[in-house]
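Note: the block below is coords.cif and it holds mmCIF, C-alpha atoms.
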data_model
#
loop_
_atom_site.group_PDB
_atom_site.id
_atom_site.type_symbol
_atom_site.label_atom_id
_atom_site.label_comp_id
_atom_site.auth_asym_id
_atom_site.auth_seq_id
_atom_site.Cartn_x
_atom_site.Cartn_y
_atom_site.Cartn_z
ATOM 1 C CA MET E 1 -36.030 -75.121 26.257
ATOM 2 C CA ALA E 2 -35.128 -71.498 25.479
ATOM 3 C CA GLU E 3 -35.699 -68.776 28.051
ATOM 4 C CA SER E 4 -36.839 -66.254 25.469
ATOM 5 C CA ILE E 5 -39.131 -66.338 22.454
ATOM 6 C CA GLU E 6 -36.277 -64.991 20.363
ATOM 7 C CA GLU E 7 -34.141 -68.062 21.105
ATOM 8 C CA MET E 8 -36.919 -70.591 20.534
ATOM 9 C CA THR E 9 -37.183 -72.823 17.531
ATOM 10 C CA THR E 10 -40.489 -72.536 15.669
ATOM 11 C CA GLU E 11 -41.525 -75.868 17.140
ATOM 12 C CA GLU E 12 -40.792 -74.692 20.693
ATOM 13 C CA ARG E 13 -42.651 -71.428 20.149
ATOM 14 C CA LEU E 14 -45.740 -73.113 18.741
ATOM 15 C CA GLY E 15 -45.567 -75.612 21.595
ATOM 16 C CA GLU E 16 -45.823 -72.723 24.050
ATOM 17 C CA PHE E 17 -48.160 -70.499 22.022
ATOM 18 C CA PRO E 18 -49.935 -72.560 19.331
ATOM 19 C CA ASN E 19 -51.182 -69.569 17.313
ATOM 20 C CA LEU E 20 -48.052 -67.437 17.442
ATOM 21 C CA SER E 21 -46.965 -68.211 13.885
ATOM 22 C CA ASP E 22 -44.246 -66.434 11.946
ATOM 23 C CA GLY E 23 -45.452 -63.093 10.667
ATOM 24 C CA THR E 24 -48.148 -62.647 13.329
ATOM 25 C CA TYR E 25 -45.989 -60.836 15.892
ATOM 26 C CA GLU E 26 -42.880 -58.747 16.554
ATOM 27 C CA LEU E 27 -40.643 -58.922 19.614
ATOM 28 C CA LYS E 28 -40.418 -55.607 21.444
ATOM 29 C CA SER E 29 -38.323 -56.182 24.579
ATOM 30 C CA GLU E 30 -35.939 -58.492 26.394
ATOM 31 C CA ASP E 31 -37.394 -61.332 28.450
ATOM 32 C CA THR E 32 -37.989 -60.380 32.093
ATOM 33 C CA LYS E 33 -39.816 -61.527 35.221
ATOM 34 C CA TYR E 34 -40.020 -58.027 36.733
ATOM 35 C CA TYR E 35 -43.502 -57.351 35.365
ATOM 36 C CA ASN E 36 -46.315 -59.463 33.985
ATOM 37 C CA CYS E 37 -49.060 -58.899 31.424
ATOM 38 C CA VAL E 38 -51.445 -57.528 34.056
ATOM 39 C CA ALA E 39 -49.026 -54.721 34.901
ATOM 40 C CA TRP E 40 -47.850 -54.200 31.316
ATOM 41 C CA VAL E 41 -51.253 -53.282 29.905
ATOM 42 C CA VAL E 42 -51.401 -50.306 32.293
ATOM 43 C CA GLY E 43 -47.794 -49.302 31.692
ATOM 44 C CA ILE E 44 -46.283 -50.679 34.902
ATOM 45 C CA THR E 45 -42.853 -52.328 34.552
ATOM 46 C CA TYR E 46 -41.508 -52.283 38.111
ATOM 47 C CA LYS E 47 -43.824 -54.838 39.718
ATOM 48 C CA ARG E 48 -46.054 -57.846 39.082
ATOM 49 C CA ILE E 49 -49.785 -57.533 39.693
ATOM 50 C CA ASP E 50 -51.320 -60.886 40.573
ATOM 51 C CA SER E 51 -54.270 -62.149 42.602
ATOM 52 C CA TYR E 52 -51.888 -64.624 44.281
ATOM 53 C CA GLY E 53 -48.364 -64.149 45.583
ATOM 54 C CA TYR E 54 -47.619 -60.639 44.330
ATOM 55 C CA TRP E 55 -49.278 -57.217 44.531
ATOM 56 C CA TRP E 56 -53.062 -57.231 44.771
ATOM 57 C CA PRO E 57 -55.289 -54.597 46.387
ATOM 58 C CA GLU E 58 -56.364 -55.621 49.858
ATOM 59 C CA ASP E 59 -59.953 -54.526 49.314
ATOM 60 C CA LEU E 60 -60.387 -56.555 46.135
ATOM 61 C CA GLU E 61 -61.594 -60.137 46.162
ATOM 62 C CA ALA E 62 -59.074 -62.493 44.561
ATOM 63 C CA THR E 63 -61.039 -65.181 42.768
ATOM 64 C CA HIS E 64 -58.310 -65.570 40.093
ATOM 65 C CA THR E 65 -60.939 -65.215 37.366
ATOM 66 C CA ALA E 66 -61.115 -62.623 34.612
ATOM 67 C CA ASN E 67 -63.976 -61.005 36.562
ATOM 68 C CA SER E 68 -61.592 -60.350 39.438
ATOM 69 C CA TYR E 69 -59.095 -58.711 37.098
ATOM 70 C CA ALA E 70 -61.853 -56.729 35.398
ATOM 71 C CA GLU E 71 -62.786 -55.333 38.804
ATOM 72 C CA LEU E 72 -59.110 -54.462 39.366
ATOM 73 C CA TYR E 73 -58.928 -52.569 36.087
ATOM 74 C CA LYS E 74 -62.243 -50.839 36.772
ATOM 75 C CA ARG E 75 -61.540 -49.714 40.348
ATOM 76 C CA TYR E 76 -57.849 -48.942 40.075
ATOM 77 C CA PHE E 77 -57.182 -48.050 36.459
ATOM 78 C CA GLY E 78 -60.365 -46.435 35.170
ATOM 79 C CA PHE E 79 -61.553 -49.075 32.684
ATOM 80 C CA GLU E 80 -65.167 -50.010 31.980
ATOM 81 C CA ILE E 81 -66.427 -53.201 30.410
ATOM 82 C CA CYS E 82 -67.364 -52.898 26.732
ATOM 83 C CA ASP E 83 -68.722 -55.356 24.225
ATOM 84 C CA ASN E 84 -66.016 -55.576 21.583
ATOM 85 C CA SER E 85 -62.305 -55.304 20.842
ATOM 86 C CA ASP E 86 -62.678 -52.882 17.902
ATOM 87 C CA TYR E 87 -60.380 -49.888 17.698
ATOM 88 C CA GLU E 88 -61.989 -46.650 18.962
ATOM 89 C CA ASP E 89 -60.104 -43.391 18.522
ATOM 90 C CA GLY E 90 -59.462 -41.737 21.881
ATOM 91 C CA TYR E 91 -59.829 -44.918 23.915
ATOM 92 C CA ASP E 92 -57.481 -47.505 25.429
ATOM 93 C CA LYS E 93 -58.829 -51.006 24.979
ATOM 94 C CA ILE E 94 -57.801 -54.209 26.725
ATOM 95 C CA ALA E 95 -58.854 -57.841 26.434
ATOM 96 C CA LEU E 96 -58.721 -60.341 29.302
ATOM 97 C CA TYR E 97 -58.270 -64.046 28.604
ATOM 98 C CA SER E 98 -59.591 -67.085 30.481
ATOM 99 C CA ASP E 99 -58.638 -70.733 30.231
ATOM 100 C CA LYS E 100 -60.969 -73.741 30.156
ATOM 101 C CA ASN E 101 -61.108 -73.692 33.969
ATOM 102 C CA ASN E 102 -62.327 -70.089 33.881
ATOM 103 C CA LEU E 103 -59.078 -68.850 35.416
ATOM 104 C CA PHE E 104 -57.576 -65.591 34.208
ATOM 105 C CA THR E 105 -54.520 -66.199 32.036
ATOM 106 C CA HIS E 106 -53.591 -63.100 30.054
ATOM 107 C CA ALA E 107 -54.242 -59.409 29.383
ATOM 108 C CA THR E 108 -53.432 -57.515 26.189
ATOM 109 C CA ARG E 109 -53.816 -53.839 25.189
ATOM 110 C CA ARG E 110 -54.722 -52.411 21.816
ATOM 111 C CA ILE E 111 -52.123 -49.931 20.551
ATOM 112 C CA ASN E 112 -53.846 -48.740 17.366
ATOM 113 C CA ASN E 113 -56.200 -50.019 14.687
ATOM 114 C CA LYS E 114 -53.677 -52.683 13.633
ATOM 115 C CA CYS E 115 -51.792 -53.901 16.712
ATOM 116 C CA TRP E 116 -51.995 -55.208 20.245
ATOM 117 C CA THR E 117 -49.216 -55.361 22.833
ATOM 118 C CA SER E 118 -48.753 -58.335 25.180
ATOM 119 C CA LYS E 119 -46.228 -59.412 27.818
ATOM 120 C CA MET E 120 -45.917 -63.153 27.259
ATOM 121 C CA GLY E 121 -45.450 -64.749 30.688
ATOM 122 C CA ASP E 122 -41.785 -64.495 31.710
ATOM 123 C CA TYR E 123 -40.796 -64.033 28.085
ATOM 124 C CA GLU E 124 -40.609 -60.823 26.073
ATOM 125 C CA ASP E 125 -43.393 -58.423 25.262
ATOM 126 C CA ILE E 126 -44.579 -58.495 21.706
ATOM 127 C CA GLU E 127 -46.832 -56.646 19.312
ATOM 128 C CA HIS E 128 -49.310 -58.846 17.495
ATOM 129 C CA TYR E 129 -51.925 -58.204 14.848
ATOM 130 C CA ASN E 130 -54.951 -59.957 16.286
ATOM 131 C CA LEU E 131 -56.260 -61.444 19.507
ATOM 132 C CA THR E 132 -56.085 -65.043 18.319
ATOM 133 C CA SER E 133 -52.272 -64.913 17.897
ATOM 134 C CA VAL E 134 -51.789 -65.121 21.666
ATOM 135 C CA GLY E 135 -54.875 -67.231 22.287
ATOM 136 C CA GLY E 136 -55.389 -70.966 22.132
ATOM 137 C CA GLY E 137 -53.341 -73.432 24.135
ATOM 138 C CA ASP E 138 -53.055 -72.633 27.822
ATOM 139 C CA TYR E 139 -53.985 -68.951 27.382
ATOM 140 C CA GLY E 140 -57.519 -69.826 26.295
ATOM 141 C CA LYS E 141 -59.528 -67.030 24.706
ATOM 142 C CA PRO E 142 -60.512 -63.415 25.360
ATOM 143 C CA THR E 143 -63.620 -63.315 27.553
ATOM 144 C CA ILE E 144 -63.817 -59.676 28.703
ATOM 145 C CA PHE E 145 -63.164 -56.440 26.816
ATOM 146 C CA MET E 146 -62.666 -53.123 28.545
ATOM 147 C CA LYS E 147 -61.996 -49.532 27.546
ATOM 148 C CA ARG E 148 -61.115 -46.172 29.090
ATOM 149 C CA LYS E 149 -60.944 -42.708 27.633
ATOM 150 C CA ILE E 150 -57.407 -41.487 26.909
ATOM 151 C CA ILE E 151 -57.298 -38.226 28.824
ATOM 152 C CA ASP E 152 -54.188 -36.658 27.290
ATOM 153 C CA LYS E 153 -55.193 -36.955 23.638
ATOM 154 C CA MET I 1 -26.169 -97.898 48.176
ATOM 155 C CA LYS I 2 -28.794 -96.505 45.848
ATOM 156 C CA ALA I 3 -31.190 -94.099 47.464
ATOM 157 C CA TYR I 4 -34.249 -95.825 46.082
ATOM 158 C CA GLU I 5 -33.560 -99.302 47.417
ATOM 159 C CA ARG I 6 -35.645 -100.433 50.312
ATOM 160 C CA ILE I 7 -33.526 -102.358 52.797
ATOM 161 C CA THR I 8 -35.260 -105.621 53.606
ATOM 162 C CA ASN I 9 -32.278 -107.474 54.972
ATOM 163 C CA ILE I 10 -30.590 -105.403 57.619
ATOM 164 C CA GLU I 11 -28.268 -108.300 58.410
ATOM 165 C CA SER I 12 -26.407 -107.697 55.185
ATOM 166 C CA TYR I 13 -25.144 -104.409 56.556
ATOM 167 C CA LYS I 14 -23.672 -105.878 59.692
ATOM 168 C CA GLN I 15 -20.553 -106.978 57.907
ATOM 169 C CA GLN I 16 -19.817 -103.566 56.484
ATOM 170 C CA LYS I 17 -17.192 -101.333 57.966
ATOM 171 C CA TYR I 18 -19.836 -99.253 59.670
ATOM 172 C CA GLY I 19 -20.689 -102.074 62.008
ATOM 173 C CA THR I 20 -24.193 -102.739 63.247
ATOM 174 C CA VAL I 21 -27.043 -100.792 61.730
ATOM 175 C CA MET I 22 -29.022 -99.211 64.535
ATOM 176 C CA ALA I 23 -32.005 -97.885 62.666
ATOM 177 C CA VAL I 24 -33.336 -97.738 59.154
ATOM 178 C CA CYS I 25 -35.864 -95.166 58.231
ATOM 179 C CA TYR I 26 -37.931 -95.377 55.067
ATOM 180 C CA LYS I 27 -39.298 -91.981 54.081
ATOM 181 C CA PRO I 28 -41.825 -92.065 51.273
ATOM 182 C CA THR I 29 -42.564 -88.810 49.486
ATOM 183 C CA PRO I 30 -45.219 -88.176 46.819
ATOM 184 C CA ARG I 31 -42.824 -88.721 43.936
ATOM 185 C CA PHE I 32 -39.734 -90.287 45.433
ATOM 186 C CA SER I 33 -38.954 -92.966 47.949
ATOM 187 C CA VAL I 34 -35.988 -91.786 49.929
ATOM 188 C CA LEU I 35 -34.168 -94.108 52.225
ATOM 189 C CA ASN I 36 -32.358 -92.583 55.113
ATOM 190 C CA ILE I 37 -30.242 -94.658 57.388
ATOM 191 C CA ILE I 38 -30.085 -92.589 60.488
ATOM 192 C CA CYS I 39 -26.968 -93.867 62.157
ATOM 193 C CA THR I 40 -24.895 -96.853 63.059
ATOM 194 C CA ILE I 41 -22.736 -97.888 65.926
ATOM 195 C CA ASN I 42 -19.355 -98.894 64.664
ATOM 196 C CA ARG I 43 -17.022 -101.440 66.197
ATOM 197 C CA SER I 44 -15.643 -98.884 68.644
ATOM 198 C CA GLN I 45 -19.183 -97.901 69.654
ATOM 199 C CA SER I 46 -19.086 -94.343 68.258
ATOM 200 C CA VAL I 47 -22.140 -93.207 66.413
ATOM 201 C CA SER I 48 -21.983 -91.872 62.903
ATOM 202 C CA VAL I 49 -24.402 -91.086 60.162
ATOM 203 C CA ILE I 50 -23.564 -93.338 57.260
ATOM 204 C CA ASN I 51 -26.011 -91.901 54.831
ATOM 205 C CA ASP I 52 -28.158 -88.885 54.565
ATOM 206 C CA ASP I 53 -30.405 -87.885 51.724
ATOM 207 C CA THR I 54 -28.953 -84.451 51.079
ATOM 208 C CA THR I 55 -27.505 -85.449 47.738
ATOM 209 C CA GLU I 56 -30.716 -87.159 46.767
ATOM 210 C CA LEU I 57 -32.652 -84.119 47.920
ATOM 211 C CA GLU I 58 -30.482 -81.905 45.740
ATOM 212 C CA ARG I 59 -31.032 -84.182 42.771
ATOM 213 C CA SER I 60 -34.769 -84.270 43.376
ATOM 214 C CA PHE I 61 -35.011 -80.527 43.804
ATOM 215 C CA HIS I 62 -32.995 -79.648 40.722
ATOM 216 C CA LEU I 63 -34.951 -82.047 38.554
ATOM 217 C CA LEU I 64 -38.282 -80.689 39.788
ATOM 218 C CA ALA I 65 -37.115 -77.072 39.562
ATOM 219 C CA SER I 66 -35.875 -77.509 36.022
ATOM 220 C CA GLN I 67 -39.158 -79.083 34.897
ATOM 221 C CA TRP I 68 -41.205 -76.452 36.721
ATOM 222 C CA LYS I 69 -39.403 -73.571 35.023
ATOM 223 C CA LYS I 70 -39.751 -75.181 31.614
ATOM 224 C CA GLU I 71 -43.471 -75.881 32.026
ATOM 225 C CA THR I 72 -44.538 -72.570 33.577
ATOM 226 C CA ARG I 73 -42.469 -69.848 31.927
ATOM 227 C CA LYS I 74 -45.410 -68.963 29.675
ATOM 228 C CA TYR I 75 -47.751 -68.203 32.589
ATOM 229 C CA SER I 76 -48.292 -64.708 33.959
ATOM 230 C CA THR I 77 -50.002 -65.644 37.210
ATOM 231 C CA MET I 78 -48.844 -67.505 40.278
ATOM 232 C CA ILE I 79 -52.008 -69.603 40.381
ATOM 233 C CA HIS I 80 -50.848 -71.352 37.228
ATOM 234 C CA LYS I 81 -47.189 -71.433 38.229
ATOM 235 C CA THR I 82 -47.903 -72.987 41.632
ATOM 236 C CA MET I 83 -50.578 -75.465 40.451
ATOM 237 C CA ASN I 84 -47.820 -77.161 38.479
ATOM 238 C CA ASN I 85 -47.088 -80.666 39.863
ATOM 239 C CA ASN I 86 -43.364 -80.013 40.054
ATOM 240 C CA TYR I 87 -43.876 -76.963 42.272
ATOM 241 C CA ILE I 88 -46.305 -78.900 44.445
ATOM 242 C CA ASP I 89 -43.729 -81.676 44.786
ATOM 243 C CA ILE I 90 -41.043 -79.183 45.767
ATOM 244 C CA MET I 91 -43.320 -77.893 48.516
ATOM 245 C CA SER I 92 -43.778 -81.512 49.641
ATOM 246 C CA LEU I 93 -40.039 -81.934 50.226
ATOM 247 C CA ASN I 94 -38.743 -81.482 53.747
ATOM 248 C CA VAL I 95 -37.498 -78.147 55.031
ATOM 249 C CA ASP I 96 -33.914 -79.135 54.202
ATOM 250 C CA VAL I 97 -34.747 -77.949 50.694
ATOM 251 C CA VAL I 98 -34.901 -74.306 51.846
ATOM 252 C CA PRO I 99 -31.179 -73.522 51.351
ATOM 253 C CA LEU I 100 -31.391 -75.063 47.882
ATOM 254 C CA ILE I 101 -34.253 -72.725 47.001
ATOM 255 C CA LEU I 102 -32.375 -69.763 48.472
ATOM 256 C CA LYS I 103 -29.297 -70.690 46.441
ATOM 257 C CA GLU I 104 -31.438 -70.649 43.286
ATOM 258 C CA LEU I 105 -32.946 -67.326 44.283
ATOM 259 C CA LYS I 106 -29.529 -65.847 44.959
ATOM 260 C CA LYS I 107 -28.391 -66.802 41.441
ATOM 261 C CA LYS I 108 -31.296 -65.006 39.826
ATOM 262 C CA PRO I 109 -34.818 -63.816 40.627
ATOM 263 C CA ASP I 110 -37.584 -66.352 40.156
ATOM 264 C CA HIS I 111 -41.027 -67.183 41.507
ATOM 265 C CA TRP I 112 -39.941 -69.049 44.621
ATOM 266 C CA PHE I 113 -41.799 -66.860 47.102
ATOM 267 C CA VAL I 114 -44.932 -68.975 47.505
ATOM 268 C CA ALA I 115 -42.788 -72.045 48.253
ATOM 269 C CA LEU I 116 -40.644 -70.065 50.691
ATOM 270 C CA ASN I 117 -43.764 -68.752 52.396
ATOM 271 C CA HIS I 118 -44.947 -72.362 52.747
ATOM 272 C CA PHE I 119 -41.684 -73.397 54.417
ATOM 273 C CA ALA I 120 -41.598 -70.264 56.569
ATOM 274 C CA ARG I 121 -44.952 -71.328 58.005
ATOM 275 C CA LYS I 122 -43.555 -74.820 58.664
ATOM 276 C CA LEU I 123 -40.580 -73.240 60.419
ATOM 277 C CA LYS I 124 -42.937 -70.862 62.247
ATOM 278 C CA THR I 125 -40.905 -67.794 61.295
ATOM 279 C CA GLY I 126 -43.461 -65.746 59.412
ATOM 280 C CA ASP I 127 -43.185 -64.168 55.966
ATOM 281 C CA PRO I 128 -40.417 -61.538 55.885
ATOM 282 C CA VAL I 129 -41.830 -59.530 52.943
ATOM 283 C CA PRO I 130 -43.489 -56.250 53.964
ATOM 284 C CA LYS I 131 -46.672 -55.268 52.094
ATOM 285 C CA GLU I 132 -44.977 -52.422 50.279
ATOM 286 C CA HIS I 133 -42.555 -54.846 48.627
ATOM 287 C CA LEU I 134 -45.209 -57.172 47.218
ATOM 288 C CA GLY I 135 -44.905 -57.453 43.451
ATOM 289 C CA ASN I 136 -41.367 -56.050 43.334
ATOM 290 C CA ILE I 137 -39.359 -59.182 42.612
ATOM 291 C CA GLU I 138 -35.978 -57.666 43.495
ATOM 292 C CA LYS I 139 -37.146 -56.390 46.884
ATOM 293 C CA MET I 140 -38.943 -59.659 47.672
ATOM 294 C CA ARG I 141 -35.804 -61.550 46.704
ATOM 295 C CA GLU I 142 -33.688 -59.402 49.070
ATOM 296 C CA ASP I 143 -36.203 -59.930 51.890
ATOM 297 C CA TRP I 144 -36.084 -63.717 51.546
ATOM 298 C CA LEU I 145 -32.304 -63.920 51.187
ATOM 299 C CA ARG I 146 -31.934 -61.825 54.339
ATOM 300 C CA TRP I 147 -34.443 -64.111 56.078
ATOM 301 C CA GLY I 148 -32.354 -67.134 55.104
ATOM 302 C CA GLU I 149 -29.115 -65.541 56.331
ATOM 303 C CA GLU I 150 -30.710 -64.619 59.642
ATOM 304 C CA LEU I 151 -31.800 -68.230 60.111
ATOM 305 C CA GLY I 152 -28.226 -69.325 59.550
ATOM 306 C CA TYR I 153 -28.688 -71.054 56.212
ATOM 307 C CA GLN I 154 -25.606 -71.454 54.040
ATOM 308 C CA PHE I 155 -26.244 -70.734 50.398
#
Reformat the file's structure so that it appears as structure tokens.
Amino acid sequence: MAESIEEMTTEERLGEFPNLSDGTYELKSEDTKYYNCVAWVVGITYKRIDSYGYWWPEDLEATHTANSYAELYKRYFGFEICDNSDYEDGYDKIALYSDKNNLFTHATRRINNKCWTSKMGDYEDIEHYNLTSVGGGDYGKPTIFMKRKIIDK
Amino acid sequence: MKAYERITNIESYKQQKYGTVMAVCYKPTPRFSVLNIICTINRSQSVSVINDDTTELERSFHLLASQWKKETRKYSTMIHKTMNNNYIDIMSLNVDVVPLILKELKKKPDHWFVALNHFARKLKTGDPVPKEHLGNIEKMREDWLRWGEELGYQF
């Protein structure tokens, strides 16, 4: 099995990410373990943020659910829960995914009105054109949407 | 002797060059049955270990580690990476697996820290990673490799 999405056969890639078909994404980095999707959506690339085993705020309950991560993004990164993933000018938007066991699996950030950016596990980060491309399989589906005003715009 | 055979007839070993078998220990593990003959007394009465399960442990570990990496590379969180059966089985191995994990970690960074923390508690040494290093894989890796060196592990 390849260690990067770039090296995977189509069959391997769809085995890992069932909806990540050709034409639905672009690779944007090398594969790395130094950061995960949780850190990536807030621009952090020097550490992993994780409710188990890596950095997690001491005053934040770690239930490993999307709710726990939503509280992280609210208290530490200025996001508020919203009711959709639509593009809004002047706002950062993120979507948090949960699996069938209600455990948090993935976070993605909207870049513009066309694209999202995701760090795919220990693989590369990618840009993809909709939320379903990285959903399905073990990532589940987006269950929480959040936004924050972009201050510098 | 294959590692997975259970010795039922100890007599058969008496004729071997190692002399009389003193003790046979059968060590079941969740996935593997590992046979470990502790020692024998040979014809001149000196004691020697005629088999240990290091090689089998290495084989077990590398098989589990390889499967674990393959099955969990897509996950972003340690809950999913450590719920994997292969990782659980690695943590069920005896503490002799620690230098094998450290050798892997020395080769390249990977998510071995939960397993190492588990074995550190078994060894009663404590977790060597300071809070300010949590999340920084390189710093955590250095902390654990230093911990292993200080305990005298060869890797």
Compute the set of chain I residues within 9 Å of chain E, using all atoms listed in the file, and express it as a PDB file with C-alpha atoms, in the frame of the given file.
ATOM      1  CA  LYS I  70     -39.751 -75.181  31.614  1.00  0.00           C
ATOM      2  CA  GLU I  71     -43.471 -75.881  32.026  1.00  0.00           C
ATOM      3  CA  THR I  72     -44.538 -72.570  33.577  1.00  0.00           C
ATOM      4  CA  ARG I  73     -42.469 -69.848  31.927  1.00  0.00           C
ATOM      5  CA  LYS I  74     -45.410 -68.963  29.675  1.00  0.00           C
ATOM      6  CA  TYR I  75     -47.751 -68.203  32.589  1.00  0.00           C
ATOM      7  CA  SER I  76     -48.292 -64.708  33.959  1.00  0.00           C
ATOM      8  CA  THR I  77     -50.002 -65.644  37.210  1.00  0.00           C
ATOM      9  CA  MET I  78     -48.844 -67.505  40.278  1.00  0.00           C
ATOM     10  CA  ILE I  79     -52.008 -69.603  40.381  1.00  0.00           C
ATOM     11  CA  HIS I  80     -50.848 -71.352  37.228  1.00  0.00           C
ATOM     12  CA  PRO I 109     -34.818 -63.816  40.627  1.00  0.00           C
ATOM     13  CA  ASP I 110     -37.584 -66.352  40.156  1.00  0.00           C
ATOM     14  CA  HIS I 111     -41.027 -67.183  41.507  1.00  0.00           C
ATOM     15  CA  PHE I 113     -41.799 -66.860  47.102  1.00  0.00           C
ATOM     16  CA  VAL I 114     -44.932 -68.975  47.505  1.00  0.00           C
ATOM     17  CA  LYS I 131     -46.672 -55.268  52.094  1.00  0.00           C
ATOM     18  CA  GLU I 132     -44.977 -52.422  50.279  1.00  0.00           C
ATOM     19  CA  HIS I 133     -42.555 -54.846  48.627  1.00  0.00           C
ATOM     20  CA  LEU I 134     -45.209 -57.172  47.218  1.00  0.00           C
ATOM     21  CA  GLY I 135     -44.905 -57.453  43.451  1.00  0.00           C
ATOM     22  CA  ASN I 136     -41.367 -56.050  43.334  1.00  0.00           C
ATOM     23  CA  ILE I 137     -39.359 -59.182  42.612  1.00  0.00           C
ATOM     24  CA  GLU I 138     -35.978 -57.666  43.495  1.00  0.00           C
TER      25      GLU I 138
END
Tell me which residues the PyMOL selection byres ((chain E and resi 80) around 7) grabs here, as an mmCIF file with C-alpha atoms, in the coordinates of the input.
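Wrote part-v5.cif, looks like this:
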data_model
loop_
_atom_site.group_PDB
_atom_site.id
_atom_site.type_symbol
_atom_site.label_atom_id
_atom_site.label_comp_id
_atom_site.auth_asym_id
_atom_site.auth_seq_id
_atom_site.Cartn_x
_atom_site.Cartn_y
_atom_site.Cartn_z
ATOM 1 C CA LYS E 74 -62.243 -50.839 36.772
ATOM 2 C CA GLY E 78 -60.365 -46.435 35.170
ATOM 3 C CA PHE E 79 -61.553 -49.075 32.684
ATOM 4 C CA ILE E 81 -66.427 -53.201 30.410
ATOM 5 C CA CYS E 82 -67.364 -52.898 26.732
ATOM 6 C CA MET E 146 -62.666 -53.123 28.545
ATOM 7 C CA LYS E 147 -61.996 -49.532 27.546
ATOM 8 C CA ARG E 148 -61.115 -46.172 29.090
#
Which residues match the PyMOL selection byres ((chain E and resi 60) around 10) in the file above, as a list in words?
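Selection result, ordered by chain and number: Ser51, Trp56, Pro57, Glu58, Asp59, Glu61, Ala62, Thr63, Ser68, Tyr69, Glu71, Leu72 and Arg75 of chain E.
For the set I:Asp143, I:Val95, I:Trp112, I:Tyr153, the residue with the smallest atom-to-atom gap to I:Lys124 is I:Val95, counting only C-alpha atoms.
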From the options E:Arg109, E:His128, E:Lys100, E:Lys93, which residue's atoms come nearest to E:Gly140, counting only C-alpha atoms?
E:Lys100
Quick one: residues within 12 Å of I:Asn117, all atoms listed in the file counted, chain neighbours fewer than 6 positions away excluded, as a ChimeraX atom specification?
/E:53 /I:91,95,98,101,111,123-129,140,143-144,147-148
Export, as a short mmCIF file (atom, residue, chain, number, x, y, z; two decimals), in the coordinates of the input, the selected residues with C-alpha atoms.
data_model
loop_
_atom_site.label_atom_id
_atom_site.label_comp_id
_atom_site.auth_asym_id
_atom_site.auth_seq_id
_atom_site.Cartn_x
_atom_site.Cartn_y
_atom_site.Cartn_z
CA GLY E 53 -48.36 -64.15 45.58
CA MET I 91 -43.32 -77.89 48.52
CA VAL I 95 -37.50 -78.15 55.03
CA VAL I 98 -34.90 -74.31 51.85
CA ILE I 101 -34.25 -72.72 47.00
CA HIS I 111 -41.03 -67.18 41.51
CA LEU I 123 -40.58 -73.24 60.42
CA LYS I 124 -42.94 -70.86 62.25
CA THR I 125 -40.90 -67.79 61.30
CA GLY I 126 -43.46 -65.75 59.41
CA ASP I 127 -43.18 -64.17 55.97
CA PRO I 128 -40.42 -61.54 55.88
CA VAL I 129 -41.83 -59.53 52.94
CA MET I 140 -38.94 -59.66 47.67
CA ASP I 143 -36.20 -59.93 51.89
CA TRP I 144 -36.08 -63.72 51.55
CA TRP I 147 -34.44 -64.11 56.08
CA GLY I 148 -32.35 -67.13 55.10
#
Nearest to I:Leu105, restricted to all atoms listed in the file and choosing among I:Lys139, I:Glu58, I:Leu145, I:Leu64, comes out as I:Leu145
Give me the residues near E:Gly90 as a count of residues only, where near means some atom within 9 Å (using all atoms listed in the file) and where sequence neighbours in that chain fewer than 6 positions away do not count.
5
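Atom pair atom CA of E:Tyr97 / atom CA of I:Lys108 has a distance of 29.2 Å (rounded to one decimal).
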Determine the nearest neighbour of I:Asp96 from the options I:Lys69, I:Lys122, I:Lys81, I:Arg141, counting only C-alpha atoms.
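Checking each of I:Lys69, I:Lys122, I:Lys81, I:Arg141 against I:Asp96, counting only C-alpha atoms, the winner is I:Lys122.
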Compare E:Asn113, E:Val134, E:Glu127, E:Val41 by their minimum atom-to-atom distance to E:Ile94, counting only C-alpha atoms, and give me the closest one.
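For E:Ile94, the nearest of the candidates is E:Val41.
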Please report the interatomic distance between atom CA of E:Thr117 and atom CA of I:Thr82 in Å with one decimal.
25.8 Å
Using atom CA of E:Asn67 and atom CA of E:Ile44 as the two end points, give the distance in Å to one decimal.
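Answer for the atom CA of E:Asn67 to atom CA of E:Ile44 separation: 20.6 Å.
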Which polymer residues have any atom within 12 Å of an atom of E:Asn130, counting only C-alpha atoms, with same-chain residues fewer than 2 positions away left out, as a ChimeraX atom specification?
/E:19-21,23-25,85-87,95,108-118,126-128,132-135,141-142
Around stretch 64-77 of chain I, with edges along x, y and z and 5 Å added on all six sides, what centre and edge lengths do you get, in Å to one decimal, as JSON?
{"center_x": -42.9, "center_y": -72.7, "center_z": 34.7, "size_x": 24.1, "size_y": 26.0, "size_z": 20.1}
